[in-house]
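Visitor: I'm passing along upload01.cif; it holds mmCIF, N, CA and C atoms.
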data_query
loop_
_atom_site.label_atom_id
_atom_site.label_comp_id
_atom_site.auth_asym_id
_atom_site.auth_seq_id
_atom_site.Cartn_x
_atom_site.Cartn_y
_atom_site.Cartn_z
N MET E 246 12.03 18.82 31.39
CA MET E 246 11.81 19.96 30.51
C MET E 246 10.58 20.71 31.01
N ASP E 247 10.64 22.01 30.96
CA ASP E 247 9.53 22.87 31.35
C ASP E 247 8.31 22.56 30.47
N ILE E 248 7.13 22.59 31.07
CA ILE E 248 5.89 22.24 30.34
C ILE E 248 5.66 23.15 29.14
N ARG E 249 6.00 24.43 29.27
CA ARG E 249 5.79 25.36 28.15
C ARG E 249 6.72 25.04 26.99
N LYS E 250 7.95 24.70 27.31
CA LYS E 250 8.90 24.34 26.26
C LYS E 250 8.48 23.02 25.60
N LYS E 251 8.03 22.10 26.42
CA LYS E 251 7.59 20.80 25.90
C LYS E 251 6.39 20.96 24.97
N GLN E 252 5.41 21.76 25.36
CA GLN E 252 4.23 21.96 24.50
C GLN E 252 4.63 22.67 23.22
N ARG E 253 5.58 23.58 23.31
CA ARG E 253 6.05 24.28 22.11
C ARG E 253 6.71 23.29 21.15
N GLU E 254 7.50 22.36 21.69
CA GLU E 254 8.16 21.35 20.86
C GLU E 254 7.13 20.43 20.19
N VAL E 255 6.06 20.11 20.90
CA VAL E 255 4.99 19.30 20.32
C VAL E 255 4.35 20.04 19.16
N VAL E 256 4.04 21.32 19.36
CA VAL E 256 3.42 22.12 18.31
C VAL E 256 4.35 22.25 17.10
N VAL E 257 5.62 22.48 17.34
CA VAL E 257 6.59 22.58 16.24
C VAL E 257 6.64 21.26 15.47
N ALA E 258 6.65 20.15 16.18
CA ALA E 258 6.68 18.84 15.52
C ALA E 258 5.44 18.65 14.64
N LEU E 259 4.30 19.08 15.13
CA LEU E 259 3.06 18.96 14.34
C LEU E 259 3.09 19.90 13.13
N GLU E 260 3.58 21.10 13.33
CA GLU E 260 3.66 22.05 12.22
C GLU E 260 4.64 21.59 11.15
N ASN E 261 5.70 20.91 11.55
CA ASN E 261 6.70 20.43 10.59
C ASN E 261 6.13 19.42 9.59
N VAL E 262 5.07 18.73 9.98
CA VAL E 262 4.46 17.74 9.10
C VAL E 262 3.09 18.24 8.61
N LYS E 263 2.92 19.56 8.66
CA LYS E 263 1.71 20.22 8.14
C LYS E 263 0.43 19.84 8.89
N GLY E 264 0.54 19.68 10.21
CA GLY E 264 -0.65 19.46 11.02
C GLY E 264 -1.54 20.69 10.94
N ARG E 265 -2.84 20.46 10.99
CA ARG E 265 -3.78 21.58 10.86
C ARG E 265 -4.59 21.76 12.13
N ASP E 266 -5.10 22.96 12.31
CA ASP E 266 -6.01 23.29 13.41
C ASP E 266 -5.48 22.82 14.77
N ILE E 267 -4.25 23.18 15.05
CA ILE E 267 -3.59 22.76 16.29
C ILE E 267 -4.06 23.65 17.44
N VAL E 268 -4.54 23.01 18.51
CA VAL E 268 -4.94 23.73 19.72
C VAL E 268 -4.32 23.05 20.93
N VAL E 269 -4.01 23.85 21.94
CA VAL E 269 -3.46 23.35 23.20
C VAL E 269 -4.36 23.83 24.31
N PHE E 270 -4.78 22.90 25.18
CA PHE E 270 -5.62 23.26 26.33
C PHE E 270 -4.86 22.98 27.62
N ASN E 271 -4.95 23.92 28.55
CA ASN E 271 -4.41 23.73 29.89
C ASN E 271 -5.50 23.04 30.70
N VAL E 272 -5.27 21.78 31.05
CA VAL E 272 -6.27 21.00 31.78
C VAL E 272 -5.78 20.62 33.18
N ALA E 273 -4.80 21.34 33.68
CA ALA E 273 -4.22 21.02 35.00
C ALA E 273 -5.28 21.01 36.10
N LYS E 274 -6.28 21.87 35.98
CA LYS E 274 -7.33 21.93 37.01
C LYS E 274 -8.42 20.88 36.76
N LEU E 275 -8.42 20.27 35.58
CA LEU E 275 -9.46 19.30 35.25
C LEU E 275 -9.01 17.85 35.40
N SER E 276 -7.71 17.61 35.32
CA SER E 276 -7.20 16.25 35.37
C SER E 276 -5.97 16.16 36.28
N PRO E 277 -5.95 15.18 37.16
CA PRO E 277 -4.76 15.01 37.99
C PRO E 277 -3.63 14.25 37.28
N PHE E 278 -3.90 13.76 36.07
CA PHE E 278 -2.96 12.90 35.37
C PHE E 278 -2.07 13.63 34.37
N PHE E 279 -2.53 14.71 33.79
CA PHE E 279 -1.75 15.47 32.81
C PHE E 279 -2.16 16.92 32.85
N GLU E 280 -1.28 17.79 32.29
CA GLU E 280 -1.50 19.23 32.37
C GLU E 280 -1.99 19.86 31.07
N ARG E 281 -1.65 19.24 29.94
CA ARG E 281 -2.00 19.81 28.65
C ARG E 281 -2.61 18.74 27.75
N VAL E 282 -3.55 19.19 26.91
CA VAL E 282 -4.10 18.37 25.84
C VAL E 282 -3.84 19.13 24.55
N VAL E 283 -3.22 18.45 23.60
CA VAL E 283 -2.96 19.04 22.28
C VAL E 283 -3.80 18.26 21.28
N ILE E 284 -4.51 18.99 20.44
CA ILE E 284 -5.35 18.37 19.41
C ILE E 284 -4.93 18.94 18.06
N ALA E 285 -4.76 18.04 17.08
CA ALA E 285 -4.38 18.47 15.73
C ALA E 285 -5.05 17.56 14.72
N SER E 286 -5.17 18.04 13.50
CA SER E 286 -5.78 17.27 12.43
C SER E 286 -4.77 16.98 11.33
N GLY E 287 -4.96 15.82 10.70
CA GLY E 287 -4.21 15.44 9.51
C GLY E 287 -5.20 15.08 8.42
N ASP E 288 -4.85 15.33 7.17
CA ASP E 288 -5.79 15.16 6.06
C ASP E 288 -6.04 13.71 5.65
N SER E 289 -5.17 12.81 6.04
CA SER E 289 -5.34 11.40 5.67
C SER E 289 -4.82 10.53 6.80
N SER E 290 -5.13 9.25 6.73
CA SER E 290 -4.62 8.31 7.75
C SER E 290 -3.11 8.29 7.75
N ARG E 291 -2.53 8.36 6.57
CA ARG E 291 -1.07 8.37 6.47
C ARG E 291 -0.48 9.60 7.15
N GLN E 292 -1.10 10.77 6.95
CA GLN E 292 -0.59 11.98 7.58
C GLN E 292 -0.81 11.95 9.09
N VAL E 293 -1.94 11.42 9.54
CA VAL E 293 -2.20 11.31 10.98
C VAL E 293 -1.09 10.47 11.63
N LYS E 294 -0.76 9.35 11.01
CA LYS E 294 0.32 8.50 11.54
C LYS E 294 1.66 9.23 11.51
N ALA E 295 1.93 9.94 10.42
CA ALA E 295 3.20 10.67 10.30
C ALA E 295 3.30 11.77 11.35
N LEU E 296 2.21 12.47 11.61
CA LEU E 296 2.21 13.51 12.63
C LEU E 296 2.53 12.92 14.01
N ALA E 297 1.86 11.83 14.36
CA ALA E 297 2.11 11.18 15.65
C ALA E 297 3.54 10.68 15.74
N ASP E 298 4.04 10.07 14.67
CA ASP E 298 5.42 9.57 14.65
C ASP E 298 6.42 10.70 14.85
N HIS E 299 6.15 11.84 14.20
CA HIS E 299 7.08 12.96 14.29
C HIS E 299 7.11 13.55 15.71
N VAL E 300 5.94 13.65 16.35
CA VAL E 300 5.89 14.12 17.74
C VAL E 300 6.70 13.16 18.62
N GLU E 301 6.46 11.88 18.44
CA GLU E 301 7.15 10.87 19.24
C GLU E 301 8.67 10.95 19.03
N ASP E 302 9.10 11.01 17.78
CA ASP E 302 10.54 11.05 17.47
C ASP E 302 11.20 12.33 18.00
N ARG E 303 10.54 13.47 17.81
CA ARG E 303 11.12 14.75 18.24
C ARG E 303 11.28 14.81 19.75
N LEU E 304 10.26 14.37 20.48
CA LEU E 304 10.34 14.45 21.94
C LEU E 304 11.34 13.44 22.49
N ARG E 305 11.42 12.27 21.89
CA ARG E 305 12.45 11.30 22.31
C ARG E 305 13.85 11.85 22.06
N ALA E 306 14.02 12.51 20.92
CA ALA E 306 15.32 13.10 20.59
C ALA E 306 15.73 14.17 21.61
N LEU E 307 14.75 14.80 22.23
CA LEU E 307 15.01 15.82 23.24
C LEU E 307 15.15 15.21 24.64
N GLY E 308 15.11 13.88 24.71
CA GLY E 308 15.29 13.21 25.98
C GLY E 308 14.03 13.00 26.79
N GLU E 309 12.88 13.25 26.19
CA GLU E 309 11.61 13.08 26.88
C GLU E 309 11.11 11.63 26.73
N ARG E 310 10.37 11.19 27.71
CA ARG E 310 9.82 9.83 27.69
C ARG E 310 8.45 9.83 27.02
N VAL E 311 8.24 8.88 26.13
CA VAL E 311 6.93 8.66 25.52
C VAL E 311 6.32 7.47 26.26
N HIS E 312 5.24 7.73 27.00
CA HIS E 312 4.64 6.70 27.83
C HIS E 312 3.83 5.70 27.03
N GLY E 313 3.32 6.11 25.89
CA GLY E 313 2.55 5.19 25.07
C GLY E 313 1.98 5.86 23.84
N VAL E 314 1.62 5.01 22.87
CA VAL E 314 0.98 5.48 21.64
C VAL E 314 -0.18 4.51 21.37
N GLU E 315 -1.36 5.07 21.15
CA GLU E 315 -2.55 4.25 20.89
C GLU E 315 -3.18 4.64 19.56
N GLY E 316 -3.74 3.67 18.86
CA GLY E 316 -4.50 3.94 17.65
C GLY E 316 -3.68 4.02 16.38
N HIS E 317 -2.41 3.71 16.47
CA HIS E 317 -1.53 3.83 15.30
C HIS E 317 -1.94 2.89 14.17
N ALA E 318 -2.47 1.74 14.50
CA ALA E 318 -2.84 0.75 13.48
C ALA E 318 -3.97 1.27 12.58
N GLY E 319 -4.96 1.94 13.17
CA GLY E 319 -6.08 2.45 12.39
C GLY E 319 -5.75 3.71 11.62
N GLY E 320 -5.11 4.64 12.28
CA GLY E 320 -4.67 5.86 11.63
C GLY E 320 -5.69 6.97 11.54
N GLU E 321 -6.90 6.77 12.05
CA GLU E 321 -7.87 7.86 12.04
C GLU E 321 -7.74 8.73 13.28
N TRP E 322 -7.23 8.14 14.37
CA TRP E 322 -7.04 8.86 15.62
C TRP E 322 -5.87 8.21 16.34
N VAL E 323 -4.81 8.97 16.53
CA VAL E 323 -3.64 8.46 17.25
C VAL E 323 -3.42 9.34 18.48
N LEU E 324 -3.25 8.68 19.62
CA LEU E 324 -2.99 9.37 20.87
C LEU E 324 -1.55 9.11 21.27
N VAL E 325 -0.82 10.19 21.57
CA VAL E 325 0.56 10.08 22.04
C VAL E 325 0.58 10.59 23.48
N ASP E 326 0.95 9.70 24.40
CA ASP E 326 1.00 10.02 25.82
C ASP E 326 2.42 10.40 26.21
N LEU E 327 2.62 11.68 26.54
CA LEU E 327 3.93 12.18 26.93
C LEU E 327 3.99 12.44 28.44
N GLY E 328 3.08 11.84 29.17
CA GLY E 328 3.04 12.04 30.62
C GLY E 328 2.23 13.26 30.98
N ASP E 329 2.85 14.41 31.01
CA ASP E 329 2.14 15.64 31.37
C ASP E 329 1.44 16.30 30.18
N ILE E 330 1.65 15.74 28.98
CA ILE E 330 0.95 16.22 27.78
C ILE E 330 0.39 15.01 27.04
N VAL E 331 -0.88 15.12 26.64
CA VAL E 331 -1.51 14.09 25.81
C VAL E 331 -1.82 14.72 24.46
N VAL E 332 -1.35 14.08 23.40
CA VAL E 332 -1.51 14.61 22.05
C VAL E 332 -2.52 13.74 21.30
N HIS E 333 -3.56 14.37 20.76
CA HIS E 333 -4.55 13.68 19.93
C HIS E 333 -4.36 14.16 18.50
N VAL E 334 -4.04 13.24 17.59
CA VAL E 334 -3.93 13.58 16.18
C VAL E 334 -5.05 12.83 15.48
N MET E 335 -5.91 13.57 14.78
CA MET E 335 -7.14 12.98 14.27
C MET E 335 -7.43 13.39 12.84
N HIS E 336 -8.14 12.51 12.16
CA HIS E 336 -8.71 12.84 10.86
C HIS E 336 -9.84 13.85 11.13
N PRO E 337 -10.05 14.85 10.28
CA PRO E 337 -11.05 15.89 10.56
C PRO E 337 -12.46 15.36 10.84
N THR E 338 -12.89 14.31 10.16
CA THR E 338 -14.25 13.79 10.42
C THR E 338 -14.35 13.17 11.81
N VAL E 339 -13.31 12.49 12.23
CA VAL E 339 -13.29 11.90 13.58
C VAL E 339 -13.23 13.01 14.62
N ARG E 340 -12.45 14.03 14.33
CA ARG E 340 -12.33 15.16 15.26
C ARG E 340 -13.66 15.87 15.44
N SER E 341 -14.37 16.09 14.37
CA SER E 341 -15.66 16.78 14.50
C SER E 341 -16.69 15.89 15.20
N HIS E 342 -16.60 14.58 15.01
CA HIS E 342 -17.54 13.66 15.66
C HIS E 342 -17.35 13.65 17.18
N TYR E 343 -16.10 13.52 17.63
CA TYR E 343 -15.84 13.42 19.07
C TYR E 343 -15.76 14.76 19.77
N ASN E 344 -15.43 15.83 19.05
CA ASN E 344 -15.45 17.19 19.57
C ASN E 344 -14.75 17.32 20.93
N LEU E 345 -13.50 16.94 20.96
CA LEU E 345 -12.73 17.01 22.21
C LEU E 345 -12.56 18.44 22.72
N GLU E 346 -12.62 19.40 21.83
CA GLU E 346 -12.51 20.80 22.26
C GLU E 346 -13.61 21.14 23.25
N GLU E 347 -14.81 20.65 23.02
CA GLU E 347 -15.91 20.92 23.94
C GLU E 347 -15.73 20.14 25.24
N LEU E 348 -15.22 18.92 25.14
CA LEU E 348 -15.00 18.11 26.33
C LEU E 348 -14.01 18.76 27.28
N TRP E 349 -12.87 19.24 26.74
CA TRP E 349 -11.85 19.84 27.59
C TRP E 349 -12.14 21.30 27.88
N GLY E 350 -12.98 21.92 27.03
CA GLY E 350 -13.45 23.28 27.28
C GLY E 350 -12.36 24.28 27.60
N GLY E 351 -12.78 25.41 28.06
CA GLY E 351 -11.82 26.44 28.44
C GLY E 351 -11.20 27.12 27.25
N LYS E 352 -10.25 27.95 27.56
CA LYS E 352 -9.56 28.70 26.53
C LYS E 352 -8.30 27.96 26.12
N PRO E 353 -8.01 27.96 24.83
CA PRO E 353 -6.74 27.35 24.39
C PRO E 353 -5.55 28.14 24.93
N VAL E 354 -4.46 27.44 25.13
CA VAL E 354 -3.21 28.07 25.57
C VAL E 354 -2.61 28.77 24.37
N LYS E 355 -2.14 29.99 24.56
CA LYS E 355 -1.46 30.70 23.48
C LYS E 355 -0.03 30.22 23.44
N ILE E 356 0.41 29.84 22.27
CA ILE E 356 1.76 29.34 22.09
C ILE E 356 2.62 30.45 21.53
N ALA E 357 3.64 30.82 22.28
CA ALA E 357 4.57 31.84 21.80
C ALA E 357 5.54 31.20 20.82
N ALA E 358 5.87 31.92 19.80
CA ALA E 358 6.85 31.42 18.83
C ALA E 358 8.20 31.29 19.52
N PRO E 359 8.98 30.27 19.13
CA PRO E 359 10.31 30.14 19.74
C PRO E 359 11.13 31.39 19.50
N ARG E 360 11.85 31.79 20.52
CA ARG E 360 12.66 33.00 20.41
C ARG E 360 13.88 32.72 19.56
N LYS E 361 14.17 33.66 18.67
CA LYS E 361 15.37 33.55 17.85
C LYS E 361 16.51 34.24 18.58
N ALA E 362 17.69 33.70 18.40
CA ALA E 362 18.86 34.29 19.04
C ALA E 362 19.07 35.69 18.50
N ALA E 363 19.42 36.59 19.38
CA ALA E 363 19.67 37.97 18.96
C ALA E 363 20.91 38.01 18.08
N ARG E 364 20.79 38.69 17.00
CA ARG E 364 21.91 38.79 16.07
C ARG E 364 22.60 40.12 16.25
N GLY E 365 23.91 40.07 16.20
CA GLY E 365 24.68 41.32 16.24
C GLY E 365 24.64 41.98 14.88
N LYS E 366 25.11 43.18 14.84
CA LYS E 366 25.14 43.87 13.55
C LYS E 366 26.18 43.20 12.66
N ALA E 367 25.82 43.05 11.43
CA ALA E 367 26.75 42.43 10.48
C ALA E 367 27.89 43.38 10.18
N ARG E 368 29.06 42.82 10.12
CA ARG E 368 30.23 43.65 9.78
C ARG E 368 30.30 43.81 8.28
N PRO E 369 30.66 45.00 7.84
CA PRO E 369 30.81 45.17 6.38
C PRO E 369 31.99 44.36 5.90
N ARG E 370 31.82 43.76 4.75
CA ARG E 370 32.90 42.95 4.18
C ARG E 370 33.97 43.85 3.57
N ARG E 371 35.19 43.40 3.73
CA ARG E 371 36.28 44.15 3.13
C ARG E 371 36.41 43.76 1.67
N ALA E 372 36.72 44.73 0.88
CA ALA E 372 36.91 44.45 -0.55
C ALA E 372 38.21 43.67 -0.71
N ARG E 373 38.15 42.65 -1.52
CA ARG E 373 39.37 41.87 -1.79
C ARG E 373 40.24 42.60 -2.78
N ARG E 374 41.52 42.47 -2.58
CA ARG E 374 42.45 43.13 -3.50
C ARG E 374 43.12 42.13 -4.36
#
For the structure just supplied, provide its representation as structure tokens.
Guide:
Amino acid sequence: MDIRKKQREVVVALENVKGRDIVVFNVAKLSPFFERVVIASGDSSRQVKALADHVEDRLRALGERVHGVEGHAGGEWVLVDLGDIVVHVMHPTVRSHYNLEELWGGKPVKIAAPRKAARGKARPRRARR
């Protein structure tokens, strides 16, 4: 799957479970191991786990490999390794403490909304007799 489509699917998965403050960083020039870092927040340990689970389930359903998941037991910070994308789902206090945005630096990647299929003009309905 194309990296842009894959990152879009990750963001959609996070948005579906009400992930907050989602950012995507292009780190291809900073790391030889992965191309994108996605960071999102969840309001509770339960939501952090649910966000990570949903990313994992959605990408597997699309045929993508999940290389590993770390931190699921604690629930304050869960890392989902998708190979070329690493997803960090964190409780807001943990996120502010570690400040990964500063570590990875640079400008966040702009995520385009998924394109909707073009719709033809609707045909007028015939009156029933």
Visitor: With only C-alpha atoms as the basis for distance, which of E:Val272, E:Val293, E:Leu324, E:Ile330 is at the shortest distance from Gln252 (chain E)?
Guide: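 Smallest distance to Gln252 (chain E) is found for E:Ile330.
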Visitor: Take atom C of Val314 (chain E) and CA of Ala297 (chain E) and report the distance between them in Å, one decimal.
Guide: 9.1 Å
Visitor: Could you jot down the atom C of Leu345 (chain E) to atom N of Ser276 (chain E) separation for me, Å, one decimal place?
Guide: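 These atoms are spaced 13.5 Å apart.
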Visitor: Return as a ChimeraX atom specification the set of residues that the PyMOL selection byres (((chain E and resi 315 and name CA) around 12) and name CA) yields on the displayed structure.
Guide: /E:294,297-298,301,311-314,316-327,331-335
Visitor: Ranking E:Ile284, E:Ile248, E:Leu307, E:Ala295 by minimum distance to Asp266 (chain E) and counting only C-alpha atoms, which one comes first?
Guide: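 Nearest to Asp266 (chain E): E:Ile284.
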Visitor: From a DSSP calculation on the backbone, collect every residue of region 257-343 of chain E in strand (DSSP E or B) and output the set as a ChimeraX atom specification.
Guide: /E:265-271,281-286,313-315,322-326,330-335
Visitor: Which parts of region 293-349 of chain E does DSSP call alpha helix (DSSP H) when run on the backbone here, written out as a list of chain:residue names?
Guide: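 Those in region 293-349 of chain E that DSSP calls alpha helix (DSSP H) are E:Val293, E:Lys294, E:Ala295, E:Leu296, E:Ala297, E:Asp298, E:His299, E:Val300, E:Glu301, E:Asp302, E:Arg303, E:Leu304, E:Arg305, E:Ala306, E:Pro337, E:Thr338, E:Val339, E:Arg340, E:Ser341, E:His342, E:Tyr343, E:Leu345, E:Glu346, E:Glu347, E:Leu348, E:Trp349.
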Visitor: One decimal, Å: what's the distance from atom N of Asp329 (chain E) over to CA of Pro277 (chain E), could you say?
Guide: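 Interatomic distance, atom N of Asp329 (chain E) to CA of Pro277 (chain E): 10.3 Å.
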Visitor: Identify which of the residues E:Lys250, E:Arg340, E:Lys274, E:Lys263 lies closest to Leu296 (chain E), counting all atoms listed in the file when measuring atom-to-atom distances.
Guide: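 Closest residue, counting all atoms listed in the file: E:Lys263.
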Visitor: For a quick check of understanding, using only C-alpha atoms, which of E:Asn344, E:Lys251, E:Asn271, E:Gly328 has the smallest distance to Ala285 (chain E)?
Guide: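 Result for the nearest residue to Ala285 (chain E): E:Asn344.
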Visitor: For Arg303 (chain E), work out the shell of residues within 10 Å, counting only C-alpha atoms and skipping chain neighbours fewer than 3 positions away, then give it as a list in words.
Guide: Glu254, Val255, Val257, Ala258, Leu259, Asp298, His299, Val300, Ala306, Leu307, Gly308 and Glu309 of chain E
Visitor: Just say which residues the PyMOL selection byres (((chain E and resi 288 and name CA) around 7) and name CA) picks in this file, as a PyMOL selection string.
Guide: chain E and resi 286-287+289+292+336-337
Visitor: Can you complete the atoms of region 324-334 of chain E to all heavy atoms and list them as a PDB file, in the coordinates of the input?
Guide:
ATOM      1  N   LEU E 324      -3.250   8.680  19.620  1.00  0.00           N
ATOM      2  CA  LEU E 324      -2.990   9.370  20.870  1.00  0.00           C
ATOM      3  C   LEU E 324      -1.550   9.110  21.270  1.00  0.00           C
ATOM      4  O   LEU E 324      -1.102   7.966  21.279  1.00  0.00           O
ATOM      5  CB  LEU E 324      -3.930   8.840  21.959  1.00  0.00           C
ATOM      6  CG  LEU E 324      -3.780   9.477  23.333  1.00  0.00           C
ATOM      7  CD1 LEU E 324      -5.149   9.612  23.975  1.00  0.00           C
ATOM      8  CD2 LEU E 324      -2.867   8.669  24.225  1.00  0.00           C
ATOM      9  N   VAL E 325      -0.820  10.190  21.570  1.00  0.00           N
ATOM     10  CA  VAL E 325       0.560  10.080  22.040  1.00  0.00           C
ATOM     11  C   VAL E 325       0.580  10.590  23.480  1.00  0.00           C
ATOM     12  O   VAL E 325       0.267  11.745  23.734  1.00  0.00           O
ATOM     13  CB  VAL E 325       1.540  10.899  21.155  1.00  0.00           C
ATOM     14  CG1 VAL E 325       2.969  10.744  21.660  1.00  0.00           C
ATOM     15  CG2 VAL E 325       1.429  10.489  19.693  1.00  0.00           C
ATOM     16  N   ASP E 326       0.950   9.700  24.400  1.00  0.00           N
ATOM     17  CA  ASP E 326       1.000  10.020  25.820  1.00  0.00           C
ATOM     18  C   ASP E 326       2.420  10.400  26.210  1.00  0.00           C
ATOM     19  O   ASP E 326       3.320   9.558  26.180  1.00  0.00           O
ATOM     20  CB  ASP E 326       0.525   8.821  26.639  1.00  0.00           C
ATOM     21  CG  ASP E 326       0.513   9.072  28.137  1.00  0.00           C
ATOM     22  OD1 ASP E 326       0.904  10.177  28.577  1.00  0.00           O
ATOM     23  OD2 ASP E 326       0.102   8.151  28.868  1.00  0.00           O
ATOM     24  N   LEU E 327       2.620  11.680  26.540  1.00  0.00           N
ATOM     25  CA  LEU E 327       3.930  12.180  26.930  1.00  0.00           C
ATOM     26  C   LEU E 327       3.990  12.440  28.440  1.00  0.00           C
ATOM     27  O   LEU E 327       4.840  13.182  28.911  1.00  0.00           O
ATOM     28  CB  LEU E 327       4.246  13.470  26.167  1.00  0.00           C
ATOM     29  CG  LEU E 327       4.256  13.342  24.650  1.00  0.00           C
ATOM     30  CD1 LEU E 327       4.330  14.709  23.997  1.00  0.00           C
ATOM     31  CD2 LEU E 327       5.403  12.454  24.198  1.00  0.00           C
ATOM     32  N   GLY E 328       3.080  11.840  29.170  1.00  0.00           N
ATOM     33  CA  GLY E 328       3.040  12.040  30.620  1.00  0.00           C
ATOM     34  C   GLY E 328       2.230  13.260  30.980  1.00  0.00           C
ATOM     35  O   GLY E 328       1.025  13.160  31.194  1.00  0.00           O
ATOM     36  N   ASP E 329       2.850  14.410  31.010  1.00  0.00           N
ATOM     37  CA  ASP E 329       2.140  15.640  31.370  1.00  0.00           C
ATOM     38  C   ASP E 329       1.440  16.300  30.180  1.00  0.00           C
ATOM     39  O   ASP E 329       0.696  17.247  30.342  1.00  0.00           O
ATOM     40  CB  ASP E 329       3.059  16.638  32.064  1.00  0.00           C
ATOM     41  CG  ASP E 329       4.379  16.844  31.344  1.00  0.00           C
ATOM     42  OD1 ASP E 329       4.601  16.215  30.297  1.00  0.00           O
ATOM     43  OD2 ASP E 329       5.199  17.633  31.842  1.00  0.00           O
ATOM     44  N   ILE E 330       1.650  15.740  28.980  1.00  0.00           N
ATOM     45  CA  ILE E 330       0.950  16.220  27.780  1.00  0.00           C
ATOM     46  C   ILE E 330       0.390  15.010  27.040  1.00  0.00           C
ATOM     47  O   ILE E 330       1.089  14.022  26.834  1.00  0.00           O
ATOM     48  CB  ILE E 330       1.896  17.000  26.846  1.00  0.00           C
ATOM     49  CG1 ILE E 330       2.436  18.256  27.534  1.00  0.00           C
ATOM     50  CG2 ILE E 330       1.183  17.372  25.543  1.00  0.00           C
ATOM     51  CD1 ILE E 330       3.413  19.061  26.693  1.00  0.00           C
ATOM     52  N   VAL E 331      -0.880  15.120  26.640  1.00  0.00           N
ATOM     53  CA  VAL E 331      -1.510  14.090  25.810  1.00  0.00           C
ATOM     54  C   VAL E 331      -1.820  14.720  24.460  1.00  0.00           C
ATOM     55  O   VAL E 331      -2.462  15.775  24.402  1.00  0.00           O
ATOM     56  CB  VAL E 331      -2.795  13.542  26.475  1.00  0.00           C
ATOM     57  CG1 VAL E 331      -3.497  12.571  25.554  1.00  0.00           C
ATOM     58  CG2 VAL E 331      -2.467  12.877  27.800  1.00  0.00           C
ATOM     59  N   VAL E 332      -1.350  14.080  23.400  1.00  0.00           N
ATOM     60  CA  VAL E 332      -1.510  14.610  22.050  1.00  0.00           C
ATOM     61  C   VAL E 332      -2.520  13.740  21.300  1.00  0.00           C
ATOM     62  O   VAL E 332      -2.335  12.524  21.206  1.00  0.00           O
ATOM     63  CB  VAL E 332      -0.166  14.634  21.290  1.00  0.00           C
ATOM     64  CG1 VAL E 332      -0.348  15.251  19.909  1.00  0.00           C
ATOM     65  CG2 VAL E 332       0.893  15.378  22.093  1.00  0.00           C
ATOM     66  N   HIS E 333      -3.560  14.370  20.760  1.00  0.00           N
ATOM     67  CA  HIS E 333      -4.550  13.680  19.930  1.00  0.00           C
ATOM     68  C   HIS E 333      -4.360  14.160  18.500  1.00  0.00           C
ATOM     69  O   HIS E 333      -4.502  15.356  18.227  1.00  0.00           O
ATOM     70  CB  HIS E 333      -5.978  14.030  20.361  1.00  0.00           C
ATOM     71  CG  HIS E 333      -6.328  13.608  21.744  1.00  0.00           C
ATOM     72  ND1 HIS E 333      -6.809  12.350  22.019  1.00  0.00           N
ATOM     73  CD2 HIS E 333      -6.264  14.258  22.926  1.00  0.00           C
ATOM     74  CE1 HIS E 333      -7.049  12.257  23.317  1.00  0.00           C
ATOM     75  NE2 HIS E 333      -6.715  13.405  23.885  1.00  0.00           N
ATOM     76  N   VAL E 334      -4.040  13.240  17.590  1.00  0.00           N
ATOM     77  CA  VAL E 334      -3.930  13.580  16.180  1.00  0.00           C
ATOM     78  C   VAL E 334      -5.050  12.830  15.480  1.00  0.00           C
ATOM     79  O   VAL E 334      -5.147  11.604  15.591  1.00  0.00           O
ATOM     80  CB  VAL E 334      -2.559  13.178  15.596  1.00  0.00           C
ATOM     81  CG1 VAL E 334      -2.447  13.643  14.158  1.00  0.00           C
ATOM     82  CG2 VAL E 334      -1.420  13.739  16.427  1.00  0.00           C
TER      83      VAL E 334
END
